[in-house]
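Structure file model27.tsv (TSV, C-alpha atoms) is printed below.
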```
chain	number	residue	atom	x	y	z
V	1176	MET	CA	119.63	30.34	132.63
V	1177	LYS	CA	119.01	33.81	133.89
V	1178	ARG	CA	118.60	34.28	137.58
V	1179	ILE	CA	115.94	36.65	138.64
V	1180	ARG	CA	116.87	38.66	141.65
V	1181	GLN	CA	114.17	39.39	144.07
V	1182	ARG	CA	114.44	42.80	145.54
V	1183	ARG	CA	113.96	43.04	149.20
V	1184	SER	CA	111.30	45.60	149.45
V	1185	GLU	CA	111.27	48.00	152.29
V	1186	PRO	CA	108.42	47.44	154.67
V	1187	LYS	CA	105.49	49.49	153.49
V	1188	MET	CA	104.99	52.51	155.63
V	1189	PRO	CA	101.35	53.32	156.25
V	1190	PRO	CA	100.21	56.34	154.30
V	1191	ALA	CA	100.02	59.79	155.84
V	1192	TRP	CA	97.04	62.14	155.82
V	1193	VAL	CA	97.97	65.64	154.68
V	1194	LEU	CA	95.66	68.58	155.32
V	1195	CYS	CA	96.49	71.85	153.62
V	1196	CYS	CA	94.82	74.91	152.16
V	1197	VAL	CA	93.22	74.99	148.72
V	1198	ASP	CA	95.44	77.91	147.71
V	1199	SER	CA	97.00	76.81	144.43
V	1200	ARG	CA	100.22	78.69	145.17
V	1201	TYR	CA	100.99	76.19	147.94
V	1202	ILE	CA	99.58	72.81	146.91
V	1203	GLN	CA	102.37	71.66	144.60
V	1204	PRO	CA	105.19	72.90	146.88
V	1205	THR	CA	103.47	71.22	149.83
V	1206	GLN	CA	103.29	67.91	147.99
V	1207	GLN	CA	106.93	68.21	146.99
V	1208	PHE	CA	107.91	68.98	150.58
V	1209	VAL	CA	105.91	66.03	151.94
V	1210	LYS	CA	107.61	63.63	149.54
V	1211	GLN	CA	111.15	64.97	149.52
V	1212	GLN	CA	111.68	66.42	152.98
V	1213	LEU	CA	109.34	64.32	155.10
V	1214	GLY	CA	109.77	61.08	153.17
V	1215	ALA	CA	106.06	60.35	152.89
V	1216	ARG	CA	105.80	58.42	149.64
V	1217	ARG	CA	102.17	57.52	150.14
V	1218	TYR	CA	99.65	60.00	151.47
V	1219	PHE	CA	96.07	61.14	151.25
V	1220	LEU	CA	95.76	64.84	150.42
V	1221	LYS	CA	92.82	66.77	151.87
V	1222	THR	CA	92.49	70.41	150.94
V	1223	ASP	CA	90.19	72.88	152.65
V	1224	ALA	CA	90.23	76.67	152.68
V	1225	GLY	CA	92.45	77.58	155.61
V	1226	GLY	CA	93.83	74.07	156.08
V	1227	SER	CA	92.70	73.03	159.54
V	1228	ARG	CA	90.47	76.10	160.03
V	1229	ALA	CA	87.31	74.03	159.45
V	1230	LEU	CA	88.35	71.72	162.29
V	1231	LEU	CA	88.64	74.61	164.71
V	1232	HIS	CA	86.11	77.20	163.58
V	1233	GLY	CA	83.89	75.49	161.03
V	1234	HIS	CA	80.26	74.50	161.39
V	1235	PRO	CA	79.95	71.36	163.56
V	1236	ALA	CA	78.75	69.37	160.53
V	1237	VAL	CA	81.85	70.39	158.58
V	1238	ARG	CA	84.13	69.48	161.50
V	1239	ALA	CA	82.42	66.10	161.76
V	1240	TRP	CA	82.84	65.57	158.00
V	1241	VAL	CA	86.59	66.30	158.13
V	1242	LEU	CA	87.04	64.00	161.13
V	1243	ARG	CA	84.98	61.31	159.40
V	1244	ASN	CA	87.38	61.49	156.44
V	1245	LEU	CA	90.34	61.05	158.76
V	1246	ARG	CA	88.71	58.19	160.68
V	1247	LEU	CA	87.98	56.40	157.41
V	1248	VAL	CA	91.61	56.38	156.26
V	1249	TYR	CA	92.72	55.68	159.84
V	1250	GLN	CA	90.56	52.57	160.06
V	1251	GLN	CA	90.65	51.35	156.47
V	1252	ARG	CA	94.14	52.36	155.30
V	1253	GLY	CA	96.18	52.44	158.50
V	1254	VAL	CA	96.98	56.16	158.57
V	1255	ARG	CA	98.84	57.00	161.78
V	1256	ARG	CA	100.66	60.11	160.61
V	1257	VAL	CA	98.89	63.41	160.08
V	1258	ILE	CA	100.65	66.41	158.56
V	1259	LEU	CA	98.99	69.83	158.83
V	1260	PHE	CA	99.95	72.92	156.86
V	1261	HIS	CA	99.02	76.58	157.10
V	1262	HIS	CA	100.49	79.34	154.98
V	1263	GLN	CA	101.16	83.03	154.80
V	1264	ASP	CA	98.53	85.29	153.22
V	1265	CYS	CA	95.72	82.75	153.64
V	1266	LEU	CA	92.42	84.25	152.48
V	1267	ALA	CA	90.42	82.03	154.83
V	1268	TYR	CA	92.05	84.01	157.65
V	1269	GLY	CA	91.64	87.36	155.91
V	1270	GLY	CA	95.04	87.40	154.19
V	1271	SER	CA	98.22	88.93	155.55
V	1272	ALA	CA	96.59	92.37	155.86
V	1273	ALA	CA	94.26	91.06	158.59
V	1274	PHE	CA	97.19	90.52	160.96
V	1275	GLY	CA	99.00	93.83	160.69
V	1276	ASN	CA	102.47	92.31	160.58
V	1277	GLN	CA	104.20	89.10	159.61
V	1278	SER	CA	105.19	88.19	163.16
V	1279	ARG	CA	101.59	88.27	164.40
V	1280	GLU	CA	100.42	86.31	161.35
V	1281	THR	CA	102.99	83.58	161.98
V	1282	ARG	CA	102.10	83.45	165.68
V	1283	VAL	CA	98.34	83.10	165.00
V	1284	HIS	CA	98.85	80.34	162.45
V	1285	THR	CA	101.23	78.50	164.78
V	1286	GLN	CA	98.64	78.65	167.58
V	1287	GLU	CA	95.91	77.42	165.24
V	1288	LEU	CA	98.08	74.49	164.14
V	1289	LYS	CA	98.80	73.55	167.75
V	1290	LYS	CA	95.08	73.57	168.57
V	1291	ALA	CA	94.30	71.42	165.54
V	1292	ALA	CA	97.07	68.97	166.46
V	1293	GLN	CA	95.69	68.69	169.98
V	1294	LEU	CA	92.17	68.08	168.67
V	1295	LEU	CA	93.36	65.32	166.34
V	1296	GLN	CA	95.50	63.65	168.99
V	1297	THR	CA	92.59	63.68	171.42
V	1298	THR	CA	90.27	62.25	168.76
V	1299	LEU	CA	92.63	59.49	167.59
V	1300	ARG	CA	95.05	58.49	170.31
V	1301	ASP	CA	97.84	56.90	168.34
V	1302	VAL	CA	98.28	59.39	165.51
V	1303	THR	CA	101.43	61.41	165.11
V	1304	VAL	CA	100.74	64.99	164.12
V	1305	GLN	CA	103.29	67.22	162.46
V	1306	THR	CA	102.58	70.87	161.72
V	1307	PHE	CA	104.22	73.31	159.33
V	1308	TYR	CA	103.83	76.94	158.41
V	1309	ALA	CA	104.69	77.91	154.83
V	1310	SER	CA	105.77	81.41	153.87
V	1311	ARG	CA	106.92	83.03	150.67
V	1312	GLU	CA	110.46	84.31	150.69
V	1313	GLN	CA	111.33	85.97	147.41
V	1314	ARG	CA	110.32	83.40	144.79
V	1315	ARG	CA	110.48	80.39	147.07
V	1316	ILE	CA	108.29	78.85	149.71
V	1317	ARG	CA	109.80	78.05	153.08
V	1318	PHE	CA	108.29	75.44	155.40
V	1319	ARG	CA	108.90	75.88	159.10
V	1320	PRO	CA	107.96	73.23	161.63
V	1321	CYS	CA	105.72	74.41	164.43
V	1322	ASN	CA	106.62	73.16	167.87
V	1323	VAL	CA	103.83	70.70	168.61
V	1324	GLN	CA	105.80	69.02	171.39
V	1325	GLN	CA	104.06	71.21	173.95
V	1326	VAL	CA	100.65	70.15	172.69
V	1327	ALA	CA	101.58	66.57	171.97
V	1328	GLY	CA	102.67	65.94	175.53
V	1329	VAL	CA	100.00	64.79	177.94
V	1330	SER	CA	96.46	64.39	176.75
V	1331	ALA	CA	94.14	66.04	179.23
V	1332	ALA	CA	91.22	63.92	178.03
V	1333	HIS	CA	93.22	60.73	178.54
V	1334	THR	CA	94.29	61.85	182.01
V	1335	ARG	CA	90.64	62.50	182.97
V	1336	ARG	CA	89.54	59.09	181.61
V	1337	THR	CA	92.27	56.95	183.10
V	1338	GLY	CA	93.67	58.94	185.99
V	1339	ARG	CA	97.16	58.65	184.52
V	1340	SER	CA	98.94	60.49	181.79
V	1341	THR	CA	100.61	59.14	178.71
V	1342	ARG	CA	103.15	60.97	176.68
V	1343	ARG	CA	102.57	61.35	172.98
V	1344	THR	CA	105.36	62.98	171.10
V	1345	GLN	CA	105.66	64.26	167.62
V	1346	ASN	CA	107.38	61.83	165.28
V	1347	VAL	CA	110.47	63.96	164.99
V	1348	GLY	CA	112.94	61.31	166.08
V	1349	ARG	CA	113.45	59.65	162.75
V	1350	ASN	CA	112.90	62.93	160.94
V	1351	GLU	CA	115.36	64.82	163.09
V	1352	THR	CA	117.79	65.22	160.21
V	1353	ALA	CA	114.91	66.36	158.06
V	1354	GLY	CA	113.84	68.56	160.95
V	1355	GLN	CA	117.14	70.33	160.70
V	1356	ARG	CA	116.47	70.89	157.01
V	1357	LEU	CA	112.79	71.71	157.28
V	1358	GLY	CA	113.52	75.38	157.18
V	1359	GLN	CA	114.83	74.92	153.67
V	1360	THR	CA	112.98	76.47	150.82
V	1361	VAL	CA	111.23	74.82	147.94
V	1362	GLY	CA	111.34	76.73	144.70
V	1363	PHE	CA	109.94	76.37	141.22
```
If you convert what's in this file into structure tokens, what do you get?
Amino acid sequence: MKRIRQRRSEPKMPPAWVLCCVDSRYIQPTQQFVKQQLGARRYFLKTDAGGSRALLHGHPAVRAWVLRNLRLVYQQRGVRRVILFHHQDCLAYGGSAAFGNQSRETRVHTQELKKAAQLLQTTLRDVTVQTFYASREQRRIRFRPCNVQQVAGVSAAHTRRTGRSTRRTQNVGRNETAGQRLGQTVGF
């Protein structure tokens, strides 16, 4: 008689919600990065021109629609991890030429990602937000983590509501080894 071995399955991690730009040059590398470097096997992919630009600068109805999408998967599918991506030469921001130089472009996108992370963490208290900026280096795309720790610290809205602060940190702890590798490139 054959014995059937039951595999002990790993506990299912809740899916992540990934928001990135519609730029076709970055979608496949972003998905590969999310799976291989961040270890998110299950995720919902939301693409909008400019990534999180609609959250910050879009029409209020568009912002509400994006947040409604996130709330739906938060409530119905248990999403507690949000991963935001911006990229170099994004047409929703006017392309690289609009910034004058690469350093300024990177700085603006990093600031935008921090603002979006803060908005999402204020909207949904117990989500972890990770942010990345993708740039083309030769024929490869490099993903750099943006330091959200400063934004993910104390929620001003929570402090006003409760009179005390709580610390929310980016979920870098278990991804610290990946965090060391996040500057790696993904090539095709």
query = What does the distance from atom CA of V:Ala1267 to atom CA of V:Arg1319 come to in Å, to one decimal?
reply =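 Straight-line distance from atom CA of V:Ala1267 to atom CA of V:Arg1319 works out to 19.9 Å.
Checking V:Arg1314, V:Val1254, V:Val1304, V:Ser1271 one by one against V:Ala1191, counting all atoms listed in the file, you find the shortest gap at V:Val1254.
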message = What's around V:Tyr1201 at 12 Å? Count all atoms listed in the file, leave out sequence neighbours fewer than 4 positions away in its own chain, and write the answer as an MDAnalysis selection string.
response = chainID V and resid 1194:1197 1205:1209 1222 1224:1226 1260:1265 1308:1311 1315:1318 1361:1363
Please produce, as a tab-separated table, a per-residue contact table for stretch 1180-1238 of chain V versus stretch 1279-1289 of chain V (criterion: any atom at most 10 Å away, only C-alpha atoms considered), showing the nearest atom pair and its distance in Å to one decimal, sorted by chain then residue number.
```
residue	atom	partner	partner_atom	distance
V:Gly1225	CA	V:His1284	CA	9.8
V:Gly1226	CA	V:Leu1288	CA	9.1
V:Ser1227	CA	V:Leu1288	CA	7.2
V:Arg1228	CA	V:Glu1287	CA	7.6
V:Leu1230	CA	V:Glu1287	CA	9.9
V:Leu1231	CA	V:Glu1287	CA	7.8
V:His1232	CA	V:Glu1287	CA	9.9
```
Pairwise distance for atom CA of V:Trp1240 and atom CA of V:Tyr1218, rounded to one decimal in Å =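 Computed distance, atom CA of V:Trp1240 to atom CA of V:Tyr1218, equals 18.9 Å.
Going from atom CA of V:Arg1255 over to atom CA of V:Pro1189, you cover 7.1 Å.
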Give me stretch 1185-1221 of chain V with N, CA and C atoms filled in, as a PDB file, keeping the file's coordinate frame.
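Done, and the output landed in part.pdb:
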```pdb
ATOM      1  N   GLU V1185     111.355  47.385 150.970  1.00  0.00           N
ATOM      2  CA  GLU V1185     111.270  48.000 152.290  1.00  0.00           C
ATOM      3  C   GLU V1185     109.876  47.744 152.825  1.00  0.00           C
ATOM      4  N   PRO V1186     109.767  47.626 154.134  1.00  0.00           N
ATOM      5  CA  PRO V1186     108.420  47.440 154.670  1.00  0.00           C
ATOM      6  C   PRO V1186     107.572  48.654 154.298  1.00  0.00           C
ATOM      7  N   LYS V1187     106.359  48.392 153.882  1.00  0.00           N
ATOM      8  CA  LYS V1187     105.490  49.490 153.490  1.00  0.00           C
ATOM      9  C   LYS V1187     105.119  50.319 154.708  1.00  0.00           C
ATOM     10  N   MET V1188     105.399  51.589 154.584  1.00  0.00           N
ATOM     11  CA  MET V1188     104.990  52.510 155.630  1.00  0.00           C
ATOM     12  C   MET V1188     103.522  52.836 155.398  1.00  0.00           C
ATOM     13  N   PRO V1189     102.741  52.932 156.459  1.00  0.00           N
ATOM     14  CA  PRO V1189     101.350  53.320 156.250  1.00  0.00           C
ATOM     15  C   PRO V1189     101.308  54.735 155.660  1.00  0.00           C
ATOM     16  N   PRO V1190     100.289  55.009 154.902  1.00  0.00           N
ATOM     17  CA  PRO V1190     100.210  56.340 154.300  1.00  0.00           C
ATOM     18  C   PRO V1190      99.962  57.417 155.345  1.00  0.00           C
ATOM     19  N   ALA V1191     100.287  58.633 154.983  1.00  0.00           N
ATOM     20  CA  ALA V1191     100.020  59.790 155.840  1.00  0.00           C
ATOM     21  C   ALA V1191      98.739  60.465 155.357  1.00  0.00           C
ATOM     22  N   TRP V1192      98.189  61.322 156.192  1.00  0.00           N
ATOM     23  CA  TRP V1192      97.040  62.140 155.820  1.00  0.00           C
ATOM     24  C   TRP V1192      97.517  63.579 155.897  1.00  0.00           C
ATOM     25  N   VAL V1193      97.480  64.266 154.770  1.00  0.00           N
ATOM     26  CA  VAL V1193      97.970  65.640 154.680  1.00  0.00           C
ATOM     27  C   VAL V1193      96.785  66.573 154.525  1.00  0.00           C
ATOM     28  N   LEU V1194      96.719  67.583 155.392  1.00  0.00           N
ATOM     29  CA  LEU V1194      95.660  68.580 155.320  1.00  0.00           C
ATOM     30  C   LEU V1194      96.303  69.936 155.074  1.00  0.00           C
ATOM     31  N   CYS V1195      95.950  70.536 153.948  1.00  0.00           N
ATOM     32  CA  CYS V1195      96.490  71.850 153.620  1.00  0.00           C
ATOM     33  C   CYS V1195      95.402  72.718 153.011  1.00  0.00           C
ATOM     34  N   CYS V1196      95.751  73.952 152.735  1.00  0.00           N
ATOM     35  CA  CYS V1196      94.820  74.910 152.160  1.00  0.00           C
ATOM     36  C   CYS V1196      94.622  74.648 150.677  1.00  0.00           C
ATOM     37  N   VAL V1197      93.510  75.139 150.141  1.00  0.00           N
ATOM     38  CA  VAL V1197      93.220  74.990 148.720  1.00  0.00           C
ATOM     39  C   VAL V1197      93.982  75.982 147.853  1.00  0.00           C
ATOM     40  N   ASP V1198      94.712  76.885 148.446  1.00  0.00           N
ATOM     41  CA  ASP V1198      95.440  77.910 147.710  1.00  0.00           C
ATOM     42  C   ASP V1198      96.416  77.256 146.725  1.00  0.00           C
ATOM     43  N   SER V1199      96.199  77.478 145.456  1.00  0.00           N
ATOM     44  CA  SER V1199      97.000  76.810 144.430  1.00  0.00           C
ATOM     45  C   SER V1199      98.473  77.188 144.457  1.00  0.00           C
ATOM     46  N   ARG V1200      98.813  78.303 145.083  1.00  0.00           N
ATOM     47  CA  ARG V1200     100.220  78.690 145.170  1.00  0.00           C
ATOM     48  C   ARG V1200     101.012  77.727 146.068  1.00  0.00           C
ATOM     49  N   TYR V1201     100.311  77.011 146.938  1.00  0.00           N
ATOM     50  CA  TYR V1201     100.990  76.190 147.940  1.00  0.00           C
ATOM     51  C   TYR V1201     100.799  74.684 147.771  1.00  0.00           C
ATOM     52  N   ILE V1202      99.855  74.241 146.986  1.00  0.00           N
ATOM     53  CA  ILE V1202      99.580  72.810 146.910  1.00  0.00           C
ATOM     54  C   ILE V1202     100.754  72.019 146.339  1.00  0.00           C
ATOM     55  N   GLN V1203     101.253  72.408 145.197  1.00  0.00           N
ATOM     56  CA  GLN V1203     102.370  71.660 144.600  1.00  0.00           C
ATOM     57  C   GLN V1203     103.629  71.720 145.469  1.00  0.00           C
ATOM     58  N   PRO V1204     104.026  72.886 145.994  1.00  0.00           N
ATOM     59  CA  PRO V1204     105.190  72.900 146.880  1.00  0.00           C
ATOM     60  C   PRO V1204     104.979  72.067 148.146  1.00  0.00           C
ATOM     61  N   THR V1205     103.760  72.039 148.645  1.00  0.00           N
ATOM     62  CA  THR V1205     103.470  71.220 149.830  1.00  0.00           C
ATOM     63  C   THR V1205     103.647  69.747 149.503  1.00  0.00           C
ATOM     64  N   GLN V1206     103.136  69.316 148.370  1.00  0.00           N
ATOM     65  CA  GLN V1206     103.290  67.910 147.990  1.00  0.00           C
ATOM     66  C   GLN V1206     104.765  67.560 147.783  1.00  0.00           C
ATOM     67  N   GLN V1207     105.506  68.445 147.190  1.00  0.00           N
ATOM     68  CA  GLN V1207     106.930  68.210 146.990  1.00  0.00           C
ATOM     69  C   GLN V1207     107.648  68.109 148.337  1.00  0.00           C
ATOM     70  N   PHE V1208     107.303  68.985 149.252  1.00  0.00           N
ATOM     71  CA  PHE V1208     107.910  68.980 150.580  1.00  0.00           C
ATOM     72  C   PHE V1208     107.587  67.690 151.336  1.00  0.00           C
ATOM     73  N   VAL V1209     106.333  67.256 151.257  1.00  0.00           N
ATOM     74  CA  VAL V1209     105.910  66.030 151.940  1.00  0.00           C
ATOM     75  C   VAL V1209     106.706  64.833 151.426  1.00  0.00           C
ATOM     76  N   LYS V1210     106.887  64.753 150.130  1.00  0.00           N
ATOM     77  CA  LYS V1210     107.610  63.630 149.540  1.00  0.00           C
ATOM     78  C   LYS V1210     109.110  63.710 149.787  1.00  0.00           C
ATOM     79  N   GLN V1211     109.696  64.858 149.489  1.00  0.00           N
ATOM     80  CA  GLN V1211     111.150  64.970 149.520  1.00  0.00           C
ATOM     81  C   GLN V1211     111.724  65.205 150.913  1.00  0.00           C
ATOM     82  N   GLN V1212     111.123  66.081 151.679  1.00  0.00           N
ATOM     83  CA  GLN V1212     111.680  66.420 152.980  1.00  0.00           C
ATOM     84  C   GLN V1212     111.167  65.542 154.116  1.00  0.00           C
ATOM     85  N   LEU V1213     109.910  65.135 154.021  1.00  0.00           N
ATOM     86  CA  LEU V1213     109.340  64.320 155.100  1.00  0.00           C
ATOM     87  C   LEU V1213     109.347  62.828 154.777  1.00  0.00           C
ATOM     88  N   GLY V1214     109.649  62.484 153.546  1.00  0.00           N
ATOM     89  CA  GLY V1214     109.770  61.080 153.170  1.00  0.00           C
ATOM     90  C   GLY V1214     108.461  60.324 153.103  1.00  0.00           C
ATOM     91  N   ALA V1215     107.356  61.022 152.985  1.00  0.00           N
ATOM     92  CA  ALA V1215     106.060  60.350 152.890  1.00  0.00           C
ATOM     93  C   ALA V1215     105.798  60.047 151.417  1.00  0.00           C
ATOM     94  N   ARG V1216     106.005  58.805 151.038  1.00  0.00           N
ATOM     95  CA  ARG V1216     105.800  58.420 149.640  1.00  0.00           C
ATOM     96  C   ARG V1216     104.339  58.215 149.322  1.00  0.00           C
ATOM     97  N   ARG V1217     103.601  57.763 150.308  1.00  0.00           N
ATOM     98  CA  ARG V1217     102.170  57.520 150.140  1.00  0.00           C
ATOM     99  C   ARG V1217     101.423  58.425 151.110  1.00  0.00           C
ATOM    100  N   TYR V1218     100.437  59.141 150.592  1.00  0.00           N
ATOM    101  CA  TYR V1218      99.650  60.000 151.470  1.00  0.00           C
ATOM    102  C   TYR V1218      98.312  60.328 150.828  1.00  0.00           C
ATOM    103  N   PHE V1219      97.368  60.666 151.676  1.00  0.00           N
ATOM    104  CA  PHE V1219      96.070  61.140 151.250  1.00  0.00           C
ATOM    105  C   PHE V1219      96.103  62.652 151.413  1.00  0.00           C
ATOM    106  N   LEU V1220      95.731  63.381 150.376  1.00  0.00           N
ATOM    107  CA  LEU V1220      95.760  64.840 150.420  1.00  0.00           C
ATOM    108  C   LEU V1220      94.338  65.369 150.562  1.00  0.00           C
ATOM    109  N   LYS V1221      94.111  66.132 151.617  1.00  0.00           N
ATOM    110  CA  LYS V1221      92.820  66.770 151.870  1.00  0.00           C
ATOM    111  C   LYS V1221      93.053  68.263 151.847  1.00  0.00           C
TER     112      LYS V1221
END
```
